Number of protein chains: 2
Amino acid sequence: MKGERTRQSILEHAVNIASLEGLEGLTIGRLADELKMSKSGLFAHFGSKEELQLATIESARERFIESVFRPALKAERGYPRLMAICRGWLAYVKKGVFPGGCFFAAASFEFDGRPGPLRDAIATVMDAWIDSIEKAVAMAQEEGHLDRDIEPAQLAFEINALFFGANFSYQLRGDRKALERAMEAIEARLESLRIVTPTRQLRRVRR
Amino acid sequence: MKGERTRQSILEHAVNIASLEGLEGLTIGRLADELKMSKSGLFAHFGSKEELQLATIESARERFIESVFRPALKAERGYPRLMAICRGWLAYVKKGVFPGGCFFAAASFEFDGRPGPLRDAIATVMDAWIDSIEKAVAMAQEEGHLDRDIEPAQLAFEINALFFGANFSYQLRGDRKALERAMEAIEARLESLRIVTPTRQLRRVRR
DNA sequence: CCTACCGATCGGTAGG
DNA sequence: CCTACCGATCGGTAGG
């Protein structure tokens with residue numbers, strides 16, 4: 001039990017370091033120092049640096065899901081949930097859920113040229129995430145909220161690109177408007193694909 | 001003269017390594033090994049690792065400009081040049097001008113959380129690049145090819161986001177359609193802004 | 001451009 | 001969880 005608590009606090013710290021300095025910039029010595037543990041004591045929790053990195057990715061995945069994906073599931077299927085995902089993602093960057101911006105955007109670019117288990121783990125998380133966006137798009141089409149002509153994979157690609165572009169402009173360029181720019185682009189794109197039924201419009205006007 | 005040639009060949013190799021493993025993953029020992037030089041012989045060209053990294057960024061910038069920006073200047077001002085920039089960027093990823101995908105996308109995400117001269121150098125290159133896109137948009141508006149209502153900074157943001165999203169999907173996810181998806185999104189967006197029809201204006205005014 | 005070094009830090013191990 | 005250690009590699013220097 002206590003070992004598990006220690007392990008969790010190590011990983012929370014590891015995720016924060018990695019989001020700023022990269023997963024390769026994460027070193028056991030520094031992590032132990034900052035947590036006032038011995039290197040070997042910390043090391044014993046994982047067995048190898050790669051296992052530590054894999055556990056760090058998994059911890060980051062959980063934090064991401066709790067912060068962005070799970071809250072969005074409270075919104076109604078279809079257009080509202082798709083919008084909740086988008087607003088949630090931008091809010092997650094603004095809130096600084098990871099101190100260095102989106103952990104997975106950084107990890108994706110860090111490992112896209114390095115084959116191995118770390119790259120595979122990151123790709124698996126990202127595949128699942130893009131798939132979640134695609135599913136939200138498909139649901140919006142099924143509910144009759146969104147034009148069926150658009151391929152879910154295409155729209156998911158575009159939405160994710162605007163997320164990454166927002167993270168880039170916000171974190172590197174310090175563009176305070178970056179998150180609003182992304183939202184504006186997403187809204188314009190979704191609006192152009194939206195199917196507004198008369199009943200729905202009436203309900204909106206009355207509200 | 002000969003020293004300069006050696007320096008250039010060191011930097012070309014350094015750029016390739018850094019595009020795959022990151023600017024921090026670039027080490028003097030490995031670089032010297034692969035170039036069959038002594039560490040200290042290579043080191044003497046730069047004086048410090050940071051100077052090597054800064055020179056690597058500058059070398060990558062030159063390669064990028066020669067590959068993407070300068071060819072696009074041959075296209076006519078306005079819409080054609082803006083399209084040439086977009087096609088050129090996607091072709092540059094497809095051709096593998098840098099073996100690990102876009103050097104500056106990777107460097108941006110690697111250093112956005114690490115203040116210092118390297119981050120500043122990368123930010124300066126990216127600011128200039130985004131500015132080039134903005135200028136191309138503004139010219140297209142001046143030439144009467146593009147709706148003047150769109151803010152150049154907004155459209156440049158969107159185009160760059162689609163570039164980064166394409167690089168991500170292509171490099172990490174291995175999505176062969178990624179570059180076409182980005183082009184499709186860019187074309188759809190530009191097409192929607194291309195000519196201001198009376199109908200469109202009416203709808204806008206009413207809002 | 002080289003050989004021969006330096007102290008610091010890396011991931012990891014032995015033994016408790 | 002610790003101390004005490006290992007070989008390898010890091011950026012960098014001295015001297016030629």
# chains A, B, ... in the order shown; residues from 1 in each chain; ligands from 1
call {"tool": "select_by_dssp", "arguments": {"residues": "range 68-107 of chain A", "states": "helix (DSSP H, G or I)", "output": "ChimeraX atom specification"}}
result
/A:68-72,79-94,103-107
call {"tool": "interface_residues", "arguments": {"of": "chain A", "to": "chain C", "cutoff": "12 Å", "atoms": "only C-alpha atoms (C1' of nucleotides)", "output": "short mmCIF file (atom, residue, chain, number, x, y, z; two decimals) with all heavy atoms, in the first residue's frame"}}
result
data_model
loop_
_atom_site.label_atom_id
_atom_site.label_comp_id
_atom_site.auth_asym_id
_atom_site.auth_seq_id
_atom_site.Cartn_x
_atom_site.Cartn_y
_atom_site.Cartn_z
N GLU A 24 13.11 11.70 -22.46
CA GLU A 24 14.52 11.30 -22.41
C GLU A 24 15.30 12.20 -21.46
O GLU A 24 16.30 11.77 -20.87
CB GLU A 24 15.13 11.35 -23.82
CG GLU A 24 16.19 10.31 -24.09
CD GLU A 24 15.72 8.89 -23.83
OE1 GLU A 24 14.74 8.42 -24.47
OE2 GLU A 24 16.32 8.23 -22.97
N GLY A 25 14.81 13.41 -21.27
CA GLY A 25 15.44 14.34 -20.34
C GLY A 25 15.18 13.98 -18.88
O GLY A 25 15.81 14.52 -17.97
N LEU A 26 14.21 13.11 -18.70
CA LEU A 26 13.90 12.59 -17.36
C LEU A 26 15.03 11.66 -16.92
O LEU A 26 15.31 10.67 -17.57
CB LEU A 26 12.59 11.81 -17.44
CG LEU A 26 12.02 11.16 -16.18
CD1 LEU A 26 11.55 12.21 -15.21
CD2 LEU A 26 10.87 10.22 -16.56
N THR A 27 15.71 12.00 -15.80
CA THR A 27 16.78 11.11 -15.32
C THR A 27 16.46 10.65 -13.89
O THR A 27 15.84 11.38 -13.11
CB THR A 27 18.17 11.78 -15.32
OG1 THR A 27 18.23 12.75 -14.28
CG2 THR A 27 18.49 12.41 -16.66
N ILE A 28 16.90 9.43 -13.61
CA ILE A 28 16.62 8.84 -12.31
C ILE A 28 17.29 9.64 -11.19
O ILE A 28 16.70 9.87 -10.14
CB ILE A 28 17.10 7.37 -12.30
CG1 ILE A 28 16.29 6.55 -13.31
CG2 ILE A 28 16.96 6.75 -10.91
CD1 ILE A 28 16.91 5.22 -13.66
N GLY A 29 18.50 10.12 -11.45
CA GLY A 29 19.23 10.89 -10.45
C GLY A 29 18.51 12.16 -10.06
O GLY A 29 18.33 12.46 -8.88
N ARG A 30 18.07 12.90 -11.04
CA ARG A 30 17.37 14.15 -10.76
C ARG A 30 16.05 13.90 -10.05
O ARG A 30 15.69 14.60 -9.10
CB ARG A 30 17.10 14.88 -12.08
CG ARG A 30 16.31 16.14 -11.86
CD ARG A 30 16.05 16.90 -13.12
NE ARG A 30 15.03 17.91 -12.87
CZ ARG A 30 14.50 18.67 -13.81
NH1 ARG A 30 14.88 18.53 -15.06
NH2 ARG A 30 13.57 19.56 -13.51
N LYS A 39 18.76 7.21 -5.31
CA LYS A 39 18.57 6.74 -6.68
C LYS A 39 18.11 5.28 -6.70
O LYS A 39 17.16 4.92 -7.40
CB LYS A 39 19.90 6.83 -7.45
CG LYS A 39 19.99 7.97 -8.44
CD LYS A 39 21.37 8.07 -9.04
CE LYS A 39 21.79 6.78 -9.74
NZ LYS A 39 23.15 6.93 -10.37
N SER A 40 18.81 4.46 -5.93
CA SER A 40 18.52 3.01 -5.98
C SER A 40 17.15 2.70 -5.37
O SER A 40 16.47 1.78 -5.80
CB SER A 40 19.61 2.22 -5.27
OG SER A 40 19.60 2.50 -3.89
N PHE A 43 14.81 3.62 -8.05
CA PHE A 43 15.01 2.67 -9.16
C PHE A 43 14.30 1.34 -8.91
O PHE A 43 13.75 0.72 -9.83
CB PHE A 43 16.52 2.43 -9.33
CG PHE A 43 16.88 1.66 -10.55
CD1 PHE A 43 17.04 2.30 -11.76
CD2 PHE A 43 17.06 0.29 -10.50
CE1 PHE A 43 17.38 1.60 -12.91
CE2 PHE A 43 17.39 -0.43 -11.64
CZ PHE A 43 17.56 0.23 -12.84
N ALA A 44 14.29 0.91 -7.62
CA ALA A 44 13.70 -0.39 -7.26
C ALA A 44 12.22 -0.48 -7.62
O ALA A 44 11.69 -1.57 -7.82
CB ALA A 44 13.89 -0.64 -5.77
N PHE A 46 10.93 0.40 -10.36
CA PHE A 46 10.70 0.23 -11.79
C PHE A 46 11.59 -0.81 -12.47
O PHE A 46 11.15 -1.47 -13.39
CB PHE A 46 10.81 1.59 -12.49
CG PHE A 46 9.90 2.63 -11.89
CD1 PHE A 46 10.38 3.54 -10.96
CD2 PHE A 46 8.55 2.64 -12.19
CE1 PHE A 46 9.54 4.47 -10.37
CE2 PHE A 46 7.70 3.57 -11.61
CZ PHE A 46 8.19 4.49 -10.70
N GLY A 47 12.81 -0.92 -12.01
CA GLY A 47 13.67 -1.97 -12.56
C GLY A 47 14.52 -1.56 -13.73
O GLY A 47 15.57 -2.15 -13.99
N SER A 48 14.05 -0.57 -14.48
CA SER A 48 14.87 -0.03 -15.57
C SER A 48 14.35 1.35 -15.92
O SER A 48 13.21 1.71 -15.56
CB SER A 48 14.82 -0.93 -16.81
OG SER A 48 13.59 -0.79 -17.47
N LYS A 49 15.16 2.10 -16.60
CA LYS A 49 14.71 3.43 -16.99
C LYS A 49 13.53 3.34 -17.95
O LYS A 49 12.59 4.12 -17.85
CB LYS A 49 15.84 4.23 -17.65
CG LYS A 49 15.33 5.59 -18.07
CD LYS A 49 16.38 6.57 -18.48
CE LYS A 49 15.69 7.89 -18.81
NZ LYS A 49 16.63 8.89 -19.35
N GLU A 50 13.60 2.38 -18.85
CA GLU A 50 12.51 2.24 -19.82
C GLU A 50 11.18 1.95 -19.13
O GLU A 50 10.14 2.49 -19.52
CB GLU A 50 12.84 1.13 -20.82
CG GLU A 50 11.93 1.15 -22.02
CD GLU A 50 12.40 0.18 -23.10
OE1 GLU A 50 13.25 0.57 -23.89
OE2 GLU A 50 11.90 -0.96 -23.14
N LEU A 52 10.39 2.86 -16.13
CA LEU A 52 9.99 4.15 -15.53
C LEU A 52 9.31 5.04 -16.57
O LEU A 52 8.27 5.64 -16.31
CB LEU A 52 11.22 4.86 -14.95
CG LEU A 52 11.05 6.35 -14.59
CD1 LEU A 52 10.02 6.54 -13.47
CD2 LEU A 52 12.38 6.96 -14.18
#
call {"tool": "residues_around", "arguments": {"residues": "Ala91 in chain B", "least_positions_apart": "5", "cutoff": "12 Å", "atoms": "only C-alpha atoms (C1' of nucleotides)", "output": "PDB file with N, CA, C and O atoms, in the first residue's frame"}}
result
ATOM      1  N   PHE B  64      15.743  24.425 -44.699  1.00  0.00           N
ATOM      2  CA  PHE B  64      14.289  24.621 -44.786  1.00  0.00           C
ATOM      3  C   PHE B  64      13.932  25.699 -45.805  1.00  0.00           C
ATOM      4  O   PHE B  64      13.064  25.504 -46.659  1.00  0.00           O
ATOM      5  N   SER B  67      14.435  24.646 -49.294  1.00  0.00           N
ATOM      6  CA  SER B  67      13.539  23.572 -49.706  1.00  0.00           C
ATOM      7  C   SER B  67      12.092  24.020 -49.862  1.00  0.00           C
ATOM      8  O   SER B  67      11.382  23.546 -50.744  1.00  0.00           O
ATOM      9  N   VAL B  68      11.657  24.936 -49.004  1.00  0.00           N
ATOM     10  CA  VAL B  68      10.236  25.308 -48.990  1.00  0.00           C
ATOM     11  C   VAL B  68       9.995  26.751 -49.430  1.00  0.00           C
ATOM     12  O   VAL B  68       9.178  27.010 -50.307  1.00  0.00           O
ATOM     13  N   PHE B  69      10.702  27.668 -48.799  1.00  0.00           N
ATOM     14  CA  PHE B  69      10.333  29.064 -48.974  1.00  0.00           C
ATOM     15  C   PHE B  69      10.815  29.648 -50.305  1.00  0.00           C
ATOM     16  O   PHE B  69      10.041  30.273 -51.028  1.00  0.00           O
ATOM     17  N   PRO B  71      11.681  28.250 -53.250  1.00  0.00           N
ATOM     18  CA  PRO B  71      10.943  27.815 -54.446  1.00  0.00           C
ATOM     19  C   PRO B  71       9.565  28.470 -54.568  1.00  0.00           C
ATOM     20  O   PRO B  71       9.107  28.762 -55.672  1.00  0.00           O
ATOM     21  N   ALA B  72       8.925  28.712 -53.422  1.00  0.00           N
ATOM     22  CA  ALA B  72       7.567  29.279 -53.473  1.00  0.00           C
ATOM     23  C   ALA B  72       7.559  30.722 -53.966  1.00  0.00           C
ATOM     24  O   ALA B  72       6.547  31.206 -54.485  1.00  0.00           O
ATOM     25  N   ALA B  84       1.547  27.671 -53.209  1.00  0.00           N
ATOM     26  CA  ALA B  84       2.888  27.100 -53.439  1.00  0.00           C
ATOM     27  C   ALA B  84       3.587  26.837 -52.106  1.00  0.00           C
ATOM     28  O   ALA B  84       4.293  25.829 -51.955  1.00  0.00           O
ATOM     29  N   ILE B  85       3.406  27.729 -51.152  1.00  0.00           N
ATOM     30  CA  ILE B  85       3.979  27.517 -49.821  1.00  0.00           C
ATOM     31  C   ILE B  85       3.391  26.249 -49.193  1.00  0.00           C
ATOM     32  O   ILE B  85       4.114  25.422 -48.644  1.00  0.00           O
ATOM     33  N   CYS B  86       2.086  26.105 -49.299  1.00  0.00           N
ATOM     34  CA  CYS B  86       1.424  24.954 -48.677  1.00  0.00           C
ATOM     35  C   CYS B  86       1.838  23.645 -49.348  1.00  0.00           C
ATOM     36  O   CYS B  86       2.213  22.676 -48.682  1.00  0.00           O
ATOM     37  N   GLY B  96      11.253  13.900 -47.328  1.00  0.00           N
ATOM     38  CA  GLY B  96      12.195  13.572 -46.255  1.00  0.00           C
ATOM     39  C   GLY B  96      13.419  14.468 -46.256  1.00  0.00           C
ATOM     40  O   GLY B  96      14.548  13.997 -46.068  1.00  0.00           O
ATOM     41  N   VAL B  97      13.199  15.772 -46.452  1.00  0.00           N
ATOM     42  CA  VAL B  97      14.308  16.732 -46.430  1.00  0.00           C
ATOM     43  C   VAL B  97      15.080  16.612 -45.117  1.00  0.00           C
ATOM     44  O   VAL B  97      16.312  16.702 -45.093  1.00  0.00           O
ATOM     45  N   PHE B  98      14.379  16.409 -44.027  1.00  0.00           N
ATOM     46  CA  PHE B  98      14.996  15.999 -42.763  1.00  0.00           C
ATOM     47  C   PHE B  98      14.539  14.564 -42.502  1.00  0.00           C
ATOM     48  O   PHE B  98      13.339  14.276 -42.621  1.00  0.00           O
ATOM     49  N   GLY B 101      11.392  13.982 -40.206  1.00  0.00           N
ATOM     50  CA  GLY B 101      10.259  14.895 -40.386  1.00  0.00           C
ATOM     51  C   GLY B 101      10.708  16.324 -40.157  1.00  0.00           C
ATOM     52  O   GLY B 101      11.914  16.595 -40.119  1.00  0.00           O
ATOM     53  N   CYS B 102       9.757  17.221 -40.009  1.00  0.00           N
ATOM     54  CA  CYS B 102      10.108  18.646 -39.896  1.00  0.00           C
ATOM     55  C   CYS B 102      10.970  18.897 -38.663  1.00  0.00           C
ATOM     56  O   CYS B 102      10.553  18.694 -37.530  1.00  0.00           O
ATOM     57  N   PHE B 163      -0.099  21.910 -41.004  1.00  0.00           N
ATOM     58  CA  PHE B 163       1.243  21.393 -41.303  1.00  0.00           C
ATOM     59  C   PHE B 163       1.723  20.488 -40.161  1.00  0.00           C
ATOM     60  O   PHE B 163       2.166  19.365 -40.386  1.00  0.00           O
ATOM     61  N   ALA B 166      -0.168  17.316 -39.919  1.00  0.00           N
ATOM     62  CA  ALA B 166       0.226  16.393 -40.983  1.00  0.00           C
ATOM     63  C   ALA B 166       1.535  15.702 -40.629  1.00  0.00           C
ATOM     64  O   ALA B 166       1.679  14.484 -40.776  1.00  0.00           O
ATOM     65  N   ASN B 167       2.491  16.472 -40.146  1.00  0.00           N
ATOM     66  CA  ASN B 167       3.791  15.901 -39.749  1.00  0.00           C
ATOM     67  C   ASN B 167       3.595  14.833 -38.670  1.00  0.00           C
ATOM     68  O   ASN B 167       4.161  13.739 -38.735  1.00  0.00           O
ATOM     69  N   ALA B 178      -2.016  11.378 -44.535  1.00  0.00           N
ATOM     70  CA  ALA B 178      -1.941  12.586 -43.708  1.00  0.00           C
ATOM     71  C   ALA B 178      -1.682  13.846 -44.535  1.00  0.00           C
ATOM     72  O   ALA B 178      -2.322  14.883 -44.323  1.00  0.00           O
ATOM     73  N   LEU B 179      -0.750  13.741 -45.495  1.00  0.00           N
ATOM     74  CA  LEU B 179      -0.401  14.933 -46.262  1.00  0.00           C
ATOM     75  C   LEU B 179      -1.560  15.364 -47.163  1.00  0.00           C
ATOM     76  O   LEU B 179      -1.817  16.562 -47.324  1.00  0.00           O
ATOM     77  N   GLU B 180      -2.262  14.369 -47.725  1.00  0.00           N
ATOM     78  CA  GLU B 180      -3.441  14.705 -48.537  1.00  0.00           C
ATOM     79  C   GLU B 180      -4.558  15.296 -47.667  1.00  0.00           C
ATOM     80  O   GLU B 180      -5.275  16.202 -48.091  1.00  0.00           O
ATOM     81  N   ALA B 182      -4.213  17.099 -45.007  1.00  0.00           N
ATOM     82  CA  ALA B 182      -3.876  18.494 -44.713  1.00  0.00           C
ATOM     83  C   ALA B 182      -4.157  19.372 -45.929  1.00  0.00           C
ATOM     84  O   ALA B 182      -4.742  20.460 -45.817  1.00  0.00           O
ATOM     85  N   MET B 183      -3.781  18.884 -47.114  1.00  0.00           N
ATOM     86  CA  MET B 183      -4.007  19.667 -48.329  1.00  0.00           C
ATOM     87  C   MET B 183      -5.498  19.861 -48.564  1.00  0.00           C
ATOM     88  O   MET B 183      -5.933  20.951 -48.935  1.00  0.00           O
TER      89      MET B 183
END
call {"tool": "interface_residues", "arguments": {"of": "chain B", "to": "chain A", "cutoff": "6 Å", "atoms": "only C-alpha atoms", "output": "list in words"}}
result
Leu20, Gly100, Ala106, Phe109, Asp112, Gly113, Ala161, Leu162, Gly165, Gln171 and Leu172 of chain B
call {"tool": "atom_distance", "arguments": {"atom1": "CA of Glu51 in chain A", "atom2": "CA of Glu12 in chain A"}}
result
14.9 Å
call {"tool": "atom_distance", "arguments": {"atom1": "CA of Ile130 in chain A", "atom2": "CA of Ala156 in chain A"}}
result
6.4 Å
call {"tool": "atom_distance", "arguments": {"atom1": "CA of Ala138 in chain A", "atom2": "CA of Ile65 in chain A"}}
result
20.1 Å
call {"tool": "residues_around", "arguments": {"residues": "Arg7 in chain A", "least_positions_apart": "3", "cutoff": "12 Å", "atoms": "only C-alpha atoms (C1' of nucleotides)", "output": "PyMOL selection string"}}
result
chain A and resi 1-4+10-14+32+35+37+41-46+52+55-56+59
call {"tool": "residues_around", "arguments": {"residues": "Ile57 in chain A", "least_positions_apart": "3", "cutoff": "9 Å", "atoms": "only C-alpha atoms (C1' of nucleotides)", "output": "ChimeraX atom specification"}}
result
/A:15,23,52-54,60-62,103-104,107,118,121-122,125
call {"tool": "write_last_selection", "arguments": {"atoms": "N, CA, C and O atoms", "output": "compact mmCIF listing (two decimals), in the first residue's frame"}}
result
# COMPACT_ATOMS: atom_id res chain seq x y z
N VAL A 15 5.98 12.76 -14.55
CA VAL A 15 5.16 13.29 -15.63
C VAL A 15 5.41 14.79 -15.79
O VAL A 15 5.58 15.28 -16.91
N LEU A 23 10.75 13.03 -22.28
CA LEU A 23 10.84 11.73 -21.61
C LEU A 23 12.28 11.25 -21.53
O LEU A 23 12.64 10.48 -20.63
N LEU A 52 10.39 2.86 -16.13
CA LEU A 52 9.99 4.15 -15.53
C LEU A 52 9.31 5.04 -16.57
O LEU A 52 8.27 5.64 -16.31
N GLN A 53 9.90 5.09 -17.77
CA GLN A 53 9.32 5.93 -18.82
C GLN A 53 7.95 5.41 -19.26
O GLN A 53 7.02 6.20 -19.47
N LEU A 54 7.82 4.10 -19.38
CA LEU A 54 6.53 3.53 -19.77
C LEU A 54 5.47 3.82 -18.71
O LEU A 54 4.33 4.16 -19.02
N ALA A 60 0.58 9.71 -17.30
CA ALA A 60 0.16 10.89 -18.07
C ALA A 60 -1.15 10.62 -18.81
O ALA A 60 -2.02 11.48 -18.88
N ARG A 61 -1.29 9.41 -19.31
CA ARG A 61 -2.52 9.03 -20.02
C ARG A 61 -3.72 9.13 -19.08
O ARG A 61 -4.77 9.67 -19.43
N GLU A 62 -3.55 8.62 -17.85
CA GLU A 62 -4.65 8.69 -16.88
C GLU A 62 -5.01 10.15 -16.57
O GLU A 62 -6.18 10.50 -16.50
N PHE A 103 1.42 16.88 -22.75
CA PHE A 103 2.44 15.83 -22.63
C PHE A 103 2.56 15.02 -23.92
O PHE A 103 3.66 14.70 -24.37
N PHE A 104 1.43 14.69 -24.51
CA PHE A 104 1.45 13.76 -25.64
C PHE A 104 1.83 14.42 -26.95
O PHE A 104 2.37 13.76 -27.85
N ALA A 107 5.59 14.37 -26.45
CA ALA A 107 6.11 13.00 -26.56
C ALA A 107 6.02 12.49 -28.00
O ALA A 107 6.90 11.76 -28.47
N LEU A 118 8.86 2.72 -26.36
CA LEU A 118 8.34 4.02 -25.95
C LEU A 118 7.53 4.66 -27.07
O LEU A 118 6.42 5.15 -26.84
N ALA A 121 4.26 2.86 -27.31
CA ALA A 121 3.32 3.21 -26.24
C ALA A 121 2.65 4.55 -26.52
O ALA A 121 1.44 4.72 -26.34
N ILE A 122 3.45 5.51 -26.97
CA ILE A 122 2.91 6.84 -27.28
C ILE A 122 1.95 6.75 -28.46
O ILE A 122 0.88 7.34 -28.46
N VAL A 125 -1.45 5.37 -27.37
CA VAL A 125 -2.28 6.38 -26.70
C VAL A 125 -2.87 7.33 -27.73
O VAL A 125 -4.07 7.65 -27.70
